[in-house]
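Encoded as structure tokens, the structure appears first; notes follow it.
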Amino acid sequence: MITYFEKLKALSKRAYASYSNFHFSAICLLKDGSKVPGVNVENATYTITICAERTALSQVYALCYRKTDIAKFYLYTDSKQLSSPCGMWQQFLWELVDQQIPIEIYNQKGESYILTIKNLLPYAFTKEDLQ
Ligand code: THU
């Protein structure tokens, strides 16, 4: 049986990371068992690069799934240390998933840790702030 670590590692090879050469992958596991992938996609203008996690989560919504359909997020960074997901995704995620959803983050050695969006970003900017 292929583990999520192996799936993520293989998926990270699809990243378009010509500039940073930093390969990041994400899999969003849905409650119906579907697995929606994402990789980082870079651009010569640098700033419009999209992270692996936003690629996956946007695809989840495009497939017509919503926050209550999401079971878990798996992330992978092709690095020796354990990294934290980028702040842009944390803000994006805050609004689009339930707060107790586990996020498991792997490094290239297969080490991982699990946390929630509430651990990562306790004080997000939300739609209530727009009132
Ligand atoms: N990257 C992600 O895809 N997700 C993160 O959480 C952190 C960084 C990507 C963006 C860029 O293509 C490369 O990693 C280096 O920052």
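Chain lettering (A, B, ...) mirrors the order of the structure tokens, residue numbering begins at 1 for each chain separately, and ligand numbering begins at 1 in order of display.
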Excluding same-chain residues fewer than 6 positions from segment 50-63 of chain A, what lies within 7 Å of it counting only C-alpha atoms, as a PDB file with C-alpha atoms, in the first residue's frame?
ATOM      1  CA  PHE A  24       6.125  21.533  -2.662  1.00  0.00           C
ATOM      2  CA  SER A  25       3.085  19.267  -2.915  1.00  0.00           C
ATOM      3  CA  ALA A  26      -0.324  19.083  -1.300  1.00  0.00           C
ATOM      4  CA  ILE A  27      -3.108  16.521  -1.227  1.00  0.00           C
ATOM      5  CA  CYS A  28      -6.557  17.412   0.038  1.00  0.00           C
ATOM      6  CA  VAL A  36      -7.191  16.438  -4.821  1.00  0.00           C
ATOM      7  CA  PRO A  37      -3.547  17.255  -5.665  1.00  0.00           C
ATOM      8  CA  GLY A  38      -1.637  20.518  -5.855  1.00  0.00           C
ATOM      9  CA  VAL A  39       1.922  21.595  -6.605  1.00  0.00           C
ATOM     10  CA  ASN A  40       3.606  24.990  -6.650  1.00  0.00           C
ATOM     11  CA  VAL A  41       3.588  26.690 -10.047  1.00  0.00           C
ATOM     12  CA  GLU A  42       6.151  29.458 -10.488  1.00  0.00           C
ATOM     13  CA  TRP A  89      -2.356  29.827   2.299  1.00  0.00           C
TER      14      TRP A  89
END
Just the residues within 9 Å of Thr68 of chain A, please, counting only C-alpha atoms, with nothing from its chain fewer than 4 positions along; format it as a ChimeraX atom specification.
-> /A:31,97-98
Only N, CA, C and O atoms, please: the residues just picked out, written as a compact mmCIF listing (two decimals), in the first residue's frame.
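Output below, filename selection.txt:
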# COMPACT_ATOMS: atom_id res chain seq x y z
N LYS A 31 -13.99 13.82 2.28
CA LYS A 31 -14.70 12.80 3.06
C LYS A 31 -15.22 11.65 2.20
O LYS A 31 -15.41 10.55 2.69
N VAL A 97 -11.91 26.11 5.07
CA VAL A 97 -12.02 24.77 5.68
C VAL A 97 -12.49 24.90 7.12
O VAL A 97 -12.37 25.96 7.73
N ASP A 98 -13.01 23.78 7.67
CA ASP A 98 -13.38 23.78 9.08
C ASP A 98 -12.12 23.86 9.93
O ASP A 98 -11.09 23.29 9.57
Residues flagged alpha helix (DSSP H) by DSSP in segment 42-76 of chain A, as number ranges by chain = A: 52-62
Using only C-alpha atoms, determine which residues lie at most 10 Å from Ser20 of chain A, disregarding the query and same-chain residues fewer than 3 positions distant; provide the list as a VMD selection string.
-> chain A and resid 16 to 17 23 42 46
Have a look at A:Phe92, A:Ser84, A:Ile101, A:Ala10 and name the one nearest to Leu29 of chain A; count only C-alpha atoms.
-> A:Ile101
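If you look at atom CA of Tyr4 of chain A and atom CA of Ile105 of chain A, they are 10.5 Å away from each other.
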